[in-house]
>>> print(open('my_file-v9.tsv').read())   # TSV, C-alpha atoms
chain	number	residue	atom	x	y	z
A	22	MET	CA	-89.88	-36.28	-0.61
A	23	GLU	CA	-87.16	-36.10	2.01
A	24	VAL	CA	-83.55	-36.86	1.11
A	25	THR	CA	-81.04	-37.82	3.81
A	26	LEU	CA	-77.28	-37.25	3.86
A	27	ARG	CA	-75.32	-39.12	6.51
A	28	ASN	CA	-71.81	-39.75	7.77
A	29	THR	CA	-70.37	-40.73	11.16
A	30	SER	CA	-70.46	-37.12	12.40
A	31	ALA	CA	-73.74	-35.65	11.15
A	32	VAL	CA	-77.10	-36.17	9.42
A	33	ALA	CA	-78.80	-33.67	7.11
A	34	VAL	CA	-82.34	-33.93	5.72
A	35	ILE	CA	-83.47	-31.95	2.67
A	36	ASP	CA	-87.00	-31.82	1.27
A	37	THR	CA	-87.48	-31.76	-2.49
A	38	LYS	CA	-90.22	-29.19	-1.82
A	39	GLY	CA	-88.26	-25.97	-2.05
A	40	ALA	CA	-84.99	-27.95	-1.85
A	41	GLU	CA	-85.27	-26.88	1.79
A	42	LEU	CA	-82.89	-28.02	4.51
A	43	LYS	CA	-85.16	-29.44	7.21
A	44	SER	CA	-82.73	-30.93	9.73
A	45	PHE	CA	-79.02	-30.89	10.56
A	46	GLN	CA	-78.01	-33.04	13.53
A	47	ASP	CA	-74.66	-33.99	14.99
A	48	GLY	CA	-73.68	-37.58	15.77
A	49	PHE	CA	-75.29	-37.33	19.21
A	50	GLY	CA	-78.67	-36.32	17.80
A	51	THR	CA	-78.48	-32.63	18.70
A	52	GLU	CA	-80.65	-30.67	16.27
A	53	TYR	CA	-79.22	-27.39	14.96
A	54	MET	CA	-82.08	-26.39	12.63
A	55	TRP	CA	-85.34	-24.79	13.68
A	56	GLN	CA	-88.15	-27.34	13.31
A	57	ALA	CA	-90.79	-25.05	11.77
A	58	ASP	CA	-93.21	-24.77	14.68
A	59	PRO	CA	-95.99	-22.58	13.15
A	60	LYS	CA	-96.55	-20.96	16.54
A	61	TYR	CA	-93.43	-18.92	15.74
A	62	TRP	CA	-92.53	-19.52	12.07
A	63	GLY	CA	-93.53	-22.47	9.93
A	64	ARG	CA	-90.39	-22.76	7.80
A	65	THR	CA	-86.81	-23.89	8.35
A	66	SER	CA	-84.54	-22.78	5.49
A	67	PRO	CA	-86.35	-21.50	2.38
A	68	VAL	CA	-84.54	-20.33	-0.75
A	69	LEU	CA	-85.41	-16.79	-1.89
A	70	PHE	CA	-85.50	-16.34	-5.69
A	71	PRO	CA	-85.78	-14.26	-7.88
A	72	ILE	CA	-86.34	-11.61	-5.19
A	73	VAL	CA	-85.43	-11.23	-1.54
A	74	GLY	CA	-88.04	-9.66	0.70
A	75	ASN	CA	-90.85	-7.63	-0.84
A	76	LEU	CA	-91.27	-5.38	-3.84
A	77	ARG	CA	-93.25	-2.14	-3.66
A	78	ASN	CA	-96.87	-3.34	-3.77
A	79	ASN	CA	-95.43	-6.74	-4.83
A	80	ARG	CA	-94.92	-5.35	-8.34
A	81	THR	CA	-91.93	-4.58	-10.53
A	82	ILE	CA	-91.13	-3.46	-14.07
A	83	ILE	CA	-89.20	-5.88	-16.31
A	84	GLN	CA	-88.61	-5.09	-19.99
A	85	ASN	CA	-91.24	-2.32	-19.85
A	86	LYS	CA	-93.92	-4.65	-18.50
A	87	GLU	CA	-95.33	-4.91	-14.99
A	88	TYR	CA	-95.08	-8.21	-13.12
A	89	GLU	CA	-96.28	-9.32	-9.71
A	90	ILE	CA	-93.82	-11.32	-7.61
A	91	PRO	CA	-94.77	-12.35	-4.06
A	92	LYS	CA	-92.52	-11.72	-1.07
A	93	HIS	CA	-89.33	-13.83	-1.18
A	94	GLY	CA	-90.06	-15.04	-4.71
A	95	LEU	CA	-91.40	-18.12	-6.41
A	96	LEU	CA	-89.52	-21.23	-5.28
A	97	ARG	CA	-90.06	-21.65	-1.53
A	98	ASP	CA	-92.86	-24.16	-2.16
A	99	ALA	CA	-91.82	-25.39	-5.60
A	100	GLU	CA	-91.03	-29.06	-6.17
A	101	PHE	CA	-87.38	-29.48	-7.17
A	102	ARG	CA	-86.11	-32.42	-9.19
A	103	LEU	CA	-83.54	-34.64	-7.48
A	104	LEU	CA	-80.65	-35.01	-9.94
A	105	TYR	CA	-78.18	-36.92	-7.77
A	106	HIS	CA	-78.05	-38.54	-4.34
A	107	SER	CA	-75.23	-40.29	-2.49
A	108	ASP	CA	-74.48	-40.74	1.20
A	109	GLU	CA	-72.94	-37.28	1.51
A	110	LYS	CA	-74.18	-35.32	-1.50
A	111	ALA	CA	-77.47	-34.39	-3.17
A	112	ILE	CA	-78.21	-32.13	-6.14
A	113	PHE	CA	-81.61	-30.50	-6.71
A	114	SER	CA	-82.79	-28.55	-9.75
A	115	TYR	CA	-85.67	-26.28	-10.72
A	116	ILE	CA	-86.17	-25.01	-14.27
A	117	ALA	CA	-88.50	-22.15	-15.19
A	118	THR	CA	-92.06	-23.02	-16.22
A	119	GLU	CA	-94.86	-21.12	-17.90
A	120	GLU	CA	-96.21	-20.47	-14.42
A	121	THR	CA	-92.97	-18.87	-13.19
A	122	LYS	CA	-92.66	-16.85	-16.42
A	123	ALA	CA	-96.04	-15.27	-15.74
A	124	HIS	CA	-94.35	-13.58	-12.73
A	125	TYR	CA	-90.70	-13.50	-13.84
A	126	PRO	CA	-90.26	-13.75	-17.63
A	127	PHE	CA	-86.92	-15.56	-17.83
A	128	ASP	CA	-85.69	-19.05	-18.66
A	129	PHE	CA	-83.65	-19.90	-15.60
A	130	GLN	CA	-82.37	-22.92	-13.76
A	131	LEU	CA	-81.57	-22.93	-10.05
A	132	GLN	CA	-79.43	-25.86	-8.97
A	133	MET	CA	-78.75	-26.47	-5.29
A	134	THR	CA	-76.04	-28.87	-4.15
A	135	TYR	CA	-75.82	-30.07	-0.54
A	136	SER	CA	-72.49	-31.65	0.48
A	137	LEU	CA	-71.80	-33.13	3.92
A	138	ASP	CA	-68.18	-33.21	5.14
A	139	GLY	CA	-67.74	-34.21	8.76
A	140	CYS	CA	-69.80	-31.73	10.82
A	141	ASP	CA	-69.92	-29.23	7.96
A	142	LEU	CA	-72.71	-28.82	5.42
A	143	GLU	CA	-72.04	-26.88	2.24
A	144	VAL	CA	-74.96	-25.47	0.24
A	145	LYS	CA	-74.04	-24.32	-3.26
A	146	TYR	CA	-76.43	-22.25	-5.38
A	147	ASP	CA	-75.89	-22.26	-9.15
A	148	VAL	CA	-78.08	-19.88	-11.16
A	149	PHE	CA	-78.17	-20.46	-14.94
A	150	ASN	CA	-79.54	-18.17	-17.63
A	151	LEU	CA	-81.05	-20.53	-20.21
A	152	GLY	CA	-82.56	-17.73	-22.27
A	153	LYS	CA	-81.36	-15.41	-25.02
A	154	THR	CA	-81.45	-12.09	-23.14
A	155	GLU	CA	-79.71	-10.75	-20.03
A	156	MET	CA	-81.36	-11.99	-16.84
A	157	PRO	CA	-81.46	-9.93	-13.64
A	158	PHE	CA	-82.12	-11.80	-10.40
A	159	CYS	CA	-81.77	-11.68	-6.64
A	160	LEU	CA	-81.02	-14.65	-4.40
A	161	GLY	CA	-81.10	-15.26	-0.67
A	162	ALA	CA	-80.66	-18.02	1.89
A	163	HIS	CA	-82.85	-18.06	5.02
A	164	PRO	CA	-81.69	-20.83	7.40
A	165	ALA	CA	-83.12	-20.73	10.92
A	166	PHE	CA	-80.93	-22.15	13.68
A	167	ASN	CA	-82.00	-23.32	17.11
A	168	ILE	CA	-80.82	-20.61	19.50
A	169	PRO	CA	-80.21	-21.80	22.12
A	170	VAL	CA	-78.83	-25.09	20.80
A	171	THR	CA	-79.28	-26.82	24.17
A	172	THR	CA	-81.36	-26.20	27.29
A	173	GLU	CA	-78.18	-25.17	29.13
A	174	ASP	CA	-78.30	-21.80	27.33
A	175	THR	CA	-80.67	-18.91	26.76
A	176	PHE	CA	-81.08	-16.70	23.68
A	177	ASP	CA	-79.47	-13.69	25.34
A	178	GLN	CA	-76.29	-15.61	26.13
A	179	TYR	CA	-75.50	-15.73	22.40
A	180	TYR	CA	-73.44	-13.31	20.34
A	181	ILE	CA	-73.22	-12.60	16.63
A	182	ARG	CA	-69.54	-12.40	15.72
A	183	PHE	CA	-68.01	-11.27	12.43
A	184	ASP	CA	-64.52	-12.02	11.18
A	185	LYS	CA	-63.23	-8.46	11.69
A	186	GLU	CA	-63.82	-5.39	13.81
A	187	MET	CA	-65.79	-2.60	12.17
A	188	THR	CA	-68.13	0.32	12.66
A	189	THR	CA	-71.34	0.04	10.69
A	190	ALA	CA	-75.02	0.98	10.82
A	191	THR	CA	-78.09	-0.84	9.51
A	192	PRO	CA	-81.15	0.67	7.80
A	193	VAL	CA	-84.51	0.84	9.56
A	194	TYR	CA	-87.42	-1.02	7.97
A	195	ASP	CA	-90.63	1.01	7.81
A	196	LEU	CA	-93.36	-1.42	8.89
A	197	GLU	CA	-96.12	0.79	7.49
A	198	GLN	CA	-94.61	1.64	4.10
A	199	LEU	CA	-92.85	-1.75	3.84
A	200	HIS	CA	-89.47	-0.51	2.71
A	201	TRP	CA	-85.96	0.07	4.02
A	202	ILE	CA	-85.20	3.70	4.87
A	203	ASN	CA	-81.74	4.28	3.48
A	204	ASP	CA	-80.97	7.44	5.47
A	205	LYS	CA	-82.43	6.26	8.79
A	206	ARG	CA	-79.90	3.94	10.37
A	207	ILE	CA	-78.93	2.40	13.70
A	208	THR	CA	-75.27	1.87	14.61
A	209	ARG	CA	-74.92	-1.82	15.44
A	210	LEU	CA	-71.14	-2.22	15.56
A	211	GLU	CA	-68.68	0.41	16.76
A	212	ASN	CA	-65.05	-0.69	16.57
A	213	THR	CA	-66.06	-4.21	17.46
A	214	ASP	CA	-66.68	-7.57	15.80
A	215	SER	CA	-69.62	-8.73	17.92
A	216	MET	CA	-73.20	-7.96	18.92
A	217	LYS	CA	-75.06	-9.51	21.86
A	218	LEU	CA	-78.43	-11.05	21.04
A	219	ASP	CA	-81.50	-9.48	22.59
A	220	TYR	CA	-85.10	-10.01	21.51
A	221	ASP	CA	-85.74	-6.26	21.82
A	222	LEU	CA	-83.40	-5.65	18.85
A	223	PHE	CA	-85.71	-7.39	16.41
A	224	GLU	CA	-88.63	-5.24	15.31
A	225	GLU	CA	-87.71	-6.55	11.87
A	226	ALA	CA	-84.62	-8.07	10.31
A	227	ILE	CA	-81.26	-6.49	11.14
A	228	PHE	CA	-79.74	-5.94	7.71
A	229	PHE	CA	-76.00	-5.30	7.36
A	230	ASP	CA	-75.91	-3.73	3.91
A	231	GLU	CA	-72.63	-1.80	4.06
A	232	PHE	CA	-70.05	-4.60	3.87
A	233	GLU	CA	-69.60	-8.00	2.26
A	234	PRO	CA	-69.65	-10.75	4.88
A	235	SER	CA	-67.44	-13.82	4.73
A	236	THR	CA	-67.95	-15.55	8.07
A	237	VAL	CA	-70.52	-15.11	10.83
A	238	THR	CA	-70.49	-17.02	14.11
A	239	ILE	CA	-73.51	-17.37	16.41
A	240	SER	CA	-72.30	-18.84	19.69
A	241	SER	CA	-73.04	-18.94	23.41
A	242	GLN	CA	-70.69	-17.16	25.79
A	243	LEU	CA	-71.55	-19.90	28.33
A	244	THR	CA	-71.13	-23.14	26.40
A	245	GLY	CA	-69.60	-22.13	23.06
A	246	ARG	CA	-72.36	-24.01	21.23
A	247	GLY	CA	-73.82	-22.59	18.04
A	248	VAL	CA	-72.99	-22.36	14.35
A	249	LYS	CA	-70.47	-20.70	12.09
A	250	VAL	CA	-71.70	-19.72	8.62
A	251	ASP	CA	-69.29	-19.06	5.76
A	252	MET	CA	-70.64	-17.10	2.79
A	253	VAL	CA	-69.18	-16.79	-0.71
A	254	GLY	CA	-70.67	-14.50	-3.36
A	255	PHE	CA	-73.33	-12.89	-1.16
A	256	PRO	CA	-72.72	-9.14	-0.74
A	257	THR	CA	-74.85	-8.67	2.41
A	258	VAL	CA	-76.27	-10.53	5.40
A	259	ALA	CA	-79.33	-10.11	7.61
A	260	PHE	CA	-80.48	-11.63	10.90
A	261	TRP	CA	-84.07	-12.24	11.94
A	262	THR	CA	-86.28	-13.69	14.63
A	263	PRO	CA	-89.98	-12.76	14.81
A	264	ALA	CA	-90.79	-9.67	16.86
A	265	ASN	CA	-92.48	-10.00	20.25
A	266	LYS	CA	-92.54	-13.81	20.21
A	267	GLN	CA	-89.43	-14.84	22.18
A	268	ALA	CA	-88.85	-17.45	19.50
A	269	PRO	CA	-86.00	-19.91	20.19
A	270	PHE	CA	-84.27	-19.46	16.84
A	271	LEU	CA	-82.27	-17.00	14.78
A	272	CYS	CA	-82.09	-16.79	10.99
A	273	VAL	CA	-78.74	-16.02	9.35
A	274	GLU	CA	-79.57	-14.73	5.86
A	275	PRO	CA	-76.90	-14.23	3.19
A	276	TRP	CA	-78.46	-12.06	0.49
A	277	CYS	CA	-77.83	-10.57	-2.92
A	278	GLY	CA	-80.78	-8.23	-3.14
A	279	SER	CA	-83.25	-7.15	-0.46
A	280	ALA	CA	-86.69	-5.74	0.14
A	281	VAL	CA	-87.28	-2.45	-1.64
A	282	TYR	CA	-85.57	0.73	-0.41
A	283	ASP	CA	-87.36	4.06	-0.17
A	284	THR	CA	-84.78	5.41	-2.63
A	285	GLU	CA	-85.52	2.80	-5.34
A	286	ASP	CA	-87.92	3.02	-8.25
A	287	ASP	CA	-89.85	-0.04	-9.46
A	288	GLU	CA	-87.45	-1.15	-12.19
A	289	PHE	CA	-86.12	-4.63	-11.40
A	290	LEU	CA	-82.77	-3.71	-12.93
A	291	HIS	CA	-82.41	-0.90	-10.40
A	292	LYS	CA	-82.79	-3.10	-7.32
A	293	ARG	CA	-79.98	-2.96	-4.80
A	294	ASP	CA	-77.41	-5.74	-5.34
A	295	VAL	CA	-79.29	-7.17	-8.31
A	296	GLN	CA	-77.22	-9.74	-10.23
A	297	ILE	CA	-77.06	-9.83	-14.04
A	298	LEU	CA	-76.49	-13.00	-16.07
A	299	SER	CA	-75.71	-13.02	-19.77
A	300	PRO	CA	-77.25	-15.77	-21.95
A	301	ASP	CA	-75.79	-19.22	-21.20
A	302	GLU	CA	-73.93	-17.81	-18.20
A	303	LYS	CA	-73.89	-19.22	-14.66
A	304	LYS	CA	-73.30	-17.56	-11.28
A	305	SER	CA	-72.48	-19.49	-8.14
A	306	PHE	CA	-72.97	-18.69	-4.47
A	307	CYS	CA	-72.09	-20.79	-1.44
A	308	MET	CA	-73.06	-21.06	2.21
A	309	THR	CA	-71.32	-23.51	4.57
A	310	ILE	CA	-72.75	-24.34	7.99
A	311	HIS	CA	-70.28	-25.51	10.67
A	312	MET	CA	-71.57	-27.00	13.91
A	313	LEU	CA	-70.01	-25.66	17.10
>>> encode(input="my_file-v9.tsv", output="structure tokens")
Amino acid sequence: MEVTLRNTSAVAVIDTKGAELKSFQDGFGTEYMWQADPKYWGRTSPVLFPIVGNLRNNRTIIQNKEYEIPKHGLLRDAEFRLLYHSDEKAIFSYIATEETKAHYPFDFQLQMTYSLDGCDLEVKYDVFNLGKTEMPFCLGAHPAFNIPVTTEDTFDQYYIRFDKEMTTATPVYDLEQLHWINDKRITRLENTDSMKLDYDLFEEAIFFDEFEPSTVTISSQLTGRGVKVDMVGFPTVAFWTPANKQAPFLCVEPWCGSAVYDTEDDEFLHKRDVQILSPDEKKSFCMTIHML
């Protein structure tokens, strides 16, 4: 079921399947979200829980027992319950089932709140531990934005801009072993706050794992069109467009957690940036999308 939020400046559409943002348009009907053409990538903005990316052989050890969790987790295609809906706000919830516990043995609730304010859309992620033991988890957002936004632009006229200048390198993803190589890195920023988009950069995701992001802007040097994404609570961010496809979109992915590193073992508790919730505790994360 699709749920629509609307004001005089923007319209957002969220599907109860996966609580996935499917459309975000301005008042003139310009679409900012990728429309899931399967020729390139058949999704728009899936939620990644309780893992981000892949495990080693899709398996992990939790409480001395082996579990299989598929890439990006369990909820991308799950049906969320709609708890609340008004013109500018909707709240979706998913609570653990026996099926999810067969892969991830915890009583959790993931609540996602979409709030429309002018041309801004806030997405809040609340993770609850409903069980009686500590609960480790990872969480990621995966929104894909139309780049270019309009036909006046091209992909390579866009820049990724951060909120401060820095020098940092990103790990290389081994496409054969399916893991990040911690000690093999590419310098992406050197005393600068920006990186020009180029399809040749994307053999896999570009994963900035050395600093905590707060704001990322994807905008055209020609028209200024694009999006600004604010992130609260996410320690890292990645960017992705499929390799060798010239796809007209870019994903901005705030993460806590990631695909497995070559330096990790298979214990879930040892995953990079894993979050830990005590019983009856909640952790909140937030992503706000601003139209430019």
>>> residues_around(input="my_file-v9.tsv", residues="Tyr194 in chain A", least_positions_apart="2", cutoff="12 Å", atoms="all atoms listed in the file", output="NGL selection string")
:A and (74-75 or 191-192 or 196-207 or 223-228 or 279-283)
>>> residues_around(input="my_file-v9.tsv", residues="range 266-276 of chain A", least_positions_apart="3", cutoff="7 Å", atoms="all atoms listed in the file", output="list of chain:residue names")
A:Trp55, A:Tyr61, A:Leu160, A:Gly161, A:Ala162, A:His163, A:Pro164, A:Ala165, A:Phe166, A:Asn167, A:Ile168, A:Pro169, A:Phe176, A:Tyr220, A:Met252, A:Phe255, A:Pro256, A:Thr257, A:Val258, A:Ala259, A:Phe260, A:Trp261, A:Thr262, A:Pro263, A:Ser279
>>> atom_distance(input="my_file-v9.tsv", atom1="CA of Thr208 in chain A", atom2="CA of Thr189 in chain A")
5.8 Å
>>> closest_residue(input="my_file-v9.tsv", among="A:Arg102, A:Lys185, A:Lys304, A:Lys43", to="Gly254 in chain A", atoms="only C-alpha atoms")
A:Lys304
>>> residues_around(input="my_file-v9.tsv", residues="Val248 in chain A", least_positions_apart="6", cutoff="7 Å", atoms="only C-alpha atoms", output="list in words")
Thr238, Ile239, Ser240, Ile310, His311, Met312 and Leu313 of chain A
>>> residues_near_point(input="my_file-v9.tsv", point="(-66.8, -12.0, 16.4)", cutoff="8 Å", atoms="all atoms listed in the file", output="compact mmCIF listing (two decimals) with C-alpha atoms, keeping the file's coordinate frame")
# COMPACT_ATOMS: atom_id res chain seq x y z
CA TYR A 180 -73.44 -13.31 20.34
CA ILE A 181 -73.22 -12.60 16.63
CA ARG A 182 -69.54 -12.40 15.72
CA PHE A 183 -68.01 -11.27 12.43
CA ASP A 184 -64.52 -12.02 11.18
CA LYS A 185 -63.23 -8.46 11.69
CA GLU A 186 -63.82 -5.39 13.81
CA THR A 213 -66.06 -4.21 17.46
CA ASP A 214 -66.68 -7.57 15.80
CA SER A 215 -69.62 -8.73 17.92
CA MET A 216 -73.20 -7.96 18.92
CA VAL A 237 -70.52 -15.11 10.83
CA THR A 238 -70.49 -17.02 14.11
>>> residues_around(input="my_file-v9.tsv", residues="range 79-83 of chain A", least_positions_apart="2", cutoff="10 Å", atoms="all atoms listed in the file", output="PDB file with C-alpha atoms, keeping the file's coordinate frame")
ATOM      1  CA  GLY A  74     -88.040  -9.660   0.700  1.00  0.00           C
ATOM      2  CA  ASN A  75     -90.850  -7.630  -0.840  1.00  0.00           C
ATOM      3  CA  LEU A  76     -91.270  -5.380  -3.840  1.00  0.00           C
ATOM      4  CA  ARG A  77     -93.250  -2.140  -3.660  1.00  0.00           C
ATOM      5  CA  ASN A  85     -91.240  -2.320 -19.850  1.00  0.00           C
ATOM      6  CA  LYS A  86     -93.920  -4.650 -18.500  1.00  0.00           C
ATOM      7  CA  GLU A  87     -95.330  -4.910 -14.990  1.00  0.00           C
ATOM      8  CA  TYR A  88     -95.080  -8.210 -13.120  1.00  0.00           C
ATOM      9  CA  GLU A  89     -96.280  -9.320  -9.710  1.00  0.00           C
ATOM     10  CA  ILE A  90     -93.820 -11.320  -7.610  1.00  0.00           C
ATOM     11  CA  PRO A  91     -94.770 -12.350  -4.060  1.00  0.00           C
ATOM     12  CA  LYS A  92     -92.520 -11.720  -1.070  1.00  0.00           C
ATOM     13  CA  GLY A  94     -90.060 -15.040  -4.710  1.00  0.00           C
ATOM     14  CA  HIS A 124     -94.350 -13.580 -12.730  1.00  0.00           C
ATOM     15  CA  TYR A 125     -90.700 -13.500 -13.840  1.00  0.00           C
ATOM     16  CA  PRO A 126     -90.260 -13.750 -17.630  1.00  0.00           C
ATOM     17  CA  MET A 156     -81.360 -11.990 -16.840  1.00  0.00           C
ATOM     18  CA  PRO A 157     -81.460  -9.930 -13.640  1.00  0.00           C
ATOM     19  CA  VAL A 281     -87.280  -2.450  -1.640  1.00  0.00           C
ATOM     20  CA  ASP A 286     -87.920   3.020  -8.250  1.00  0.00           C
ATOM     21  CA  ASP A 287     -89.850  -0.040  -9.460  1.00  0.00           C
ATOM     22  CA  GLU A 288     -87.450  -1.150 -12.190  1.00  0.00           C
ATOM     23  CA  PHE A 289     -86.120  -4.630 -11.400  1.00  0.00           C
ATOM     24  CA  LEU A 290     -82.770  -3.710 -12.930  1.00  0.00           C
ATOM     25  CA  HIS A 291     -82.410  -0.900 -10.400  1.00  0.00           C
ATOM     26  CA  LYS A 292     -82.790  -3.100  -7.320  1.00  0.00           C
TER      27      LYS A 292
END
>>> atom_distance(input="my_file-v9.tsv", atom1="CA of Thr175 in chain A", atom2="CA of Leu243 in chain A")
9.3 Å
>>> closest_residue(input="my_file-v9.tsv", among="A:Thr118, A:Gln130, A:Asn212, A:Thr188", to="Glu302 in chain A", atoms="all atoms listed in the file")
A:Gln130
